[in-house]
Amino acid sequence: MKKNLTHRQVEILYAVISTGSVTQAAAALHTSQPSISRDLKEIQQQLGLELFDRVGRSLQPTPTAMRLYNEIRRSYVGLGQVNNAVEEIRGNLTGRINLACLPAYATTLLPHVCKSFLAEKKGVHLSVHSFEQIVIANGLMVQHYDIGMVEASPHLNLKAMAEVTVGNEVCILPSDHPLASRSILEPQDFHDVDFVSLSETDPFVEKFDRIFEQHSVRRNPVVDTTTATAVCSLVASGAGVSIINPVTALYFANRGLVMRRFSIPIPYTIGIYLPRNAPKSHLTQSFIRHCEKILADVTDQISFELSKV
């Protein structure tokens with residue numbers, strides 16, 4: 001006789017599918033990866049359903065799993081709305097904002113935003129979480145976070161509060177690289193040059209690949225990695241050159257690497273989002289204003305840094 005799912009099993013399924021990773025699900029549930037793997041196996045045996053296919057080293061939800069996930073998600077959205085109301089009440093009493101951002105922003109933008117905001121709002125507590133974009137979007141959809149700061153996208157089912165284009169993607173090079181003497185780099189300048197790239201899951205990688213293919217440029221890929229900060233660190237170490245978002249590049253400028261314009265403009269826009277059904281509190285509105293101010297300052301700094309050559 002097949003047993004019904006327990007609340008814990010529902011949490012596990014929801015976490016694994018919404019984060020897209022057993023590792024991240026384990027972190028979210030404060031348990032270990034092996035424990036989550038064992039639980040998934042038991043759940044499938046218990047239900048008599050195939051919920052995941054193994055693709056390489058990752059688990060891919062089956063159509064059956066997605067049908068189940070959609071039912072679970074509706075329940076979580078309802079629960080999230082209740083939790084949001086509780087947090088709103090708490091926020092009015094204690095002053096608290098739960099925010100999520102990309103890892104690159106956590107080390108570049110957010111420290112300045114938090115400093116500016118907290119100087120004005122004494123006694124408010126900020127809780128900052130950094131995840132990949134899809135994890136933040138899913139977390140906002142179920143109202144785990146009050147505010148999200150990610151790369152702007154028309155495909156996010158969220159309430160856009162601000163979208164700021166801070167500049168274009170920029171070329172980054174070790175300070176002593178031969179190409180560093182130029183102020184603008186063309187696609188042809190990258191032919192046979194050691195290149196550090198973001199992983200193929202990054203939306204900008206496809207754009208770069210298409211540009212270089214159109215110009216018959218063959219780069220020499222030496223490293224790919226999942227974060228912009230890692231790309232910058234690798235370039236600063238002399239591993240190669242790259243094209244990256246201007247915010248992270250600005251943070252590393254003159255720390256072993258230099259920024260240069262790319263001849264083909266590729267705008268980089270940062271979005272500030274709220275859960276679609278979330279009420280706008282005075283605290284969140286104030287925090288967003290501080291975000292916009294810092295983003296305006298960063299836009300000016302990027303322009304100035306690029307004008308120095």
# chains A, B, ... in the order shown; residues from 1 in each chain; ligands from 1
call {"tool": "residues_around", "arguments": {"residues": "Asp224 of chain A", "least_positions_apart": "6", "cutoff": "6 Å", "atoms": "only C-alpha atoms", "output": "PyMOL selection string"}}
result
chain A and resi 196-199
call {"tool": "write_last_selection", "arguments": {"atoms": "N, CA and C atoms", "output": "short mmCIF file (atom, residue, chain, number, x, y, z; two decimals), in the first residue's frame"}}
result
data_model
loop_
_atom_site.label_atom_id
_atom_site.label_comp_id
_atom_site.auth_asym_id
_atom_site.auth_seq_id
_atom_site.Cartn_x
_atom_site.Cartn_y
_atom_site.Cartn_z
N VAL A 196 39.02 33.51 -20.61
CA VAL A 196 38.34 32.99 -19.42
C VAL A 196 36.85 33.29 -19.58
N SER A 197 36.01 32.28 -19.42
CA SER A 197 34.59 32.45 -19.72
C SER A 197 33.72 32.05 -18.53
N LEU A 198 32.53 32.64 -18.51
CA LEU A 198 31.50 32.13 -17.62
C LEU A 198 30.98 30.81 -18.19
N SER A 199 30.34 30.00 -17.36
CA SER A 199 29.82 28.72 -17.81
C SER A 199 28.70 28.94 -18.82
#
call {"tool": "residues_around", "arguments": {"residues": "Pro267 of chain A", "least_positions_apart": "3", "cutoff": "7 Å", "atoms": "only C-alpha atoms", "output": "list in words"}}
result
Thr165, Gly167, Asn168 and Glu169 of chain A
call {"tool": "closest_residue", "arguments": {"among": "A:Ile97, A:Ile288, A:Ile72, A:Ile272", "to": "Val128 of chain A", "atoms": "only C-alpha atoms"}}
result
A:Ile97
call {"tool": "residues_around", "arguments": {"residues": "segment 153-162 of chain A", "least_positions_apart": "5", "cutoff": "9 Å", "atoms": "only C-alpha atoms", "output": "list in words"}}
result
Ala137, Leu140, Met141, Thr269, Ile270, Gly271, Ile272, Tyr273, Leu274, Pro275, Arg276, Asn277, Ala278, Gln285, Ile288 and Glu292 of chain A
call {"tool": "residues_around", "arguments": {"residues": "segment 15-28 of chain A", "least_positions_apart": "4", "cutoff": "12 Å", "atoms": "only C-alpha atoms", "output": "ChimeraX atom specification"}}
result
/A:8-11,32-40,51-52,54,57-63,65-70,72-73,76,129-142,144
call {"tool": "atom_distance", "arguments": {"atom1": "atom CA of Gly256 of chain A", "atom2": "atom CA of Cys232 of chain A"}}
result
9.2 Å
call {"tool": "closest_residue", "arguments": {"among": "A:Ser281, A:Gln44, A:Thr299, A:Thr64", "to": "Val164 of chain A", "atoms": "only C-alpha atoms"}}
result
A:Thr299
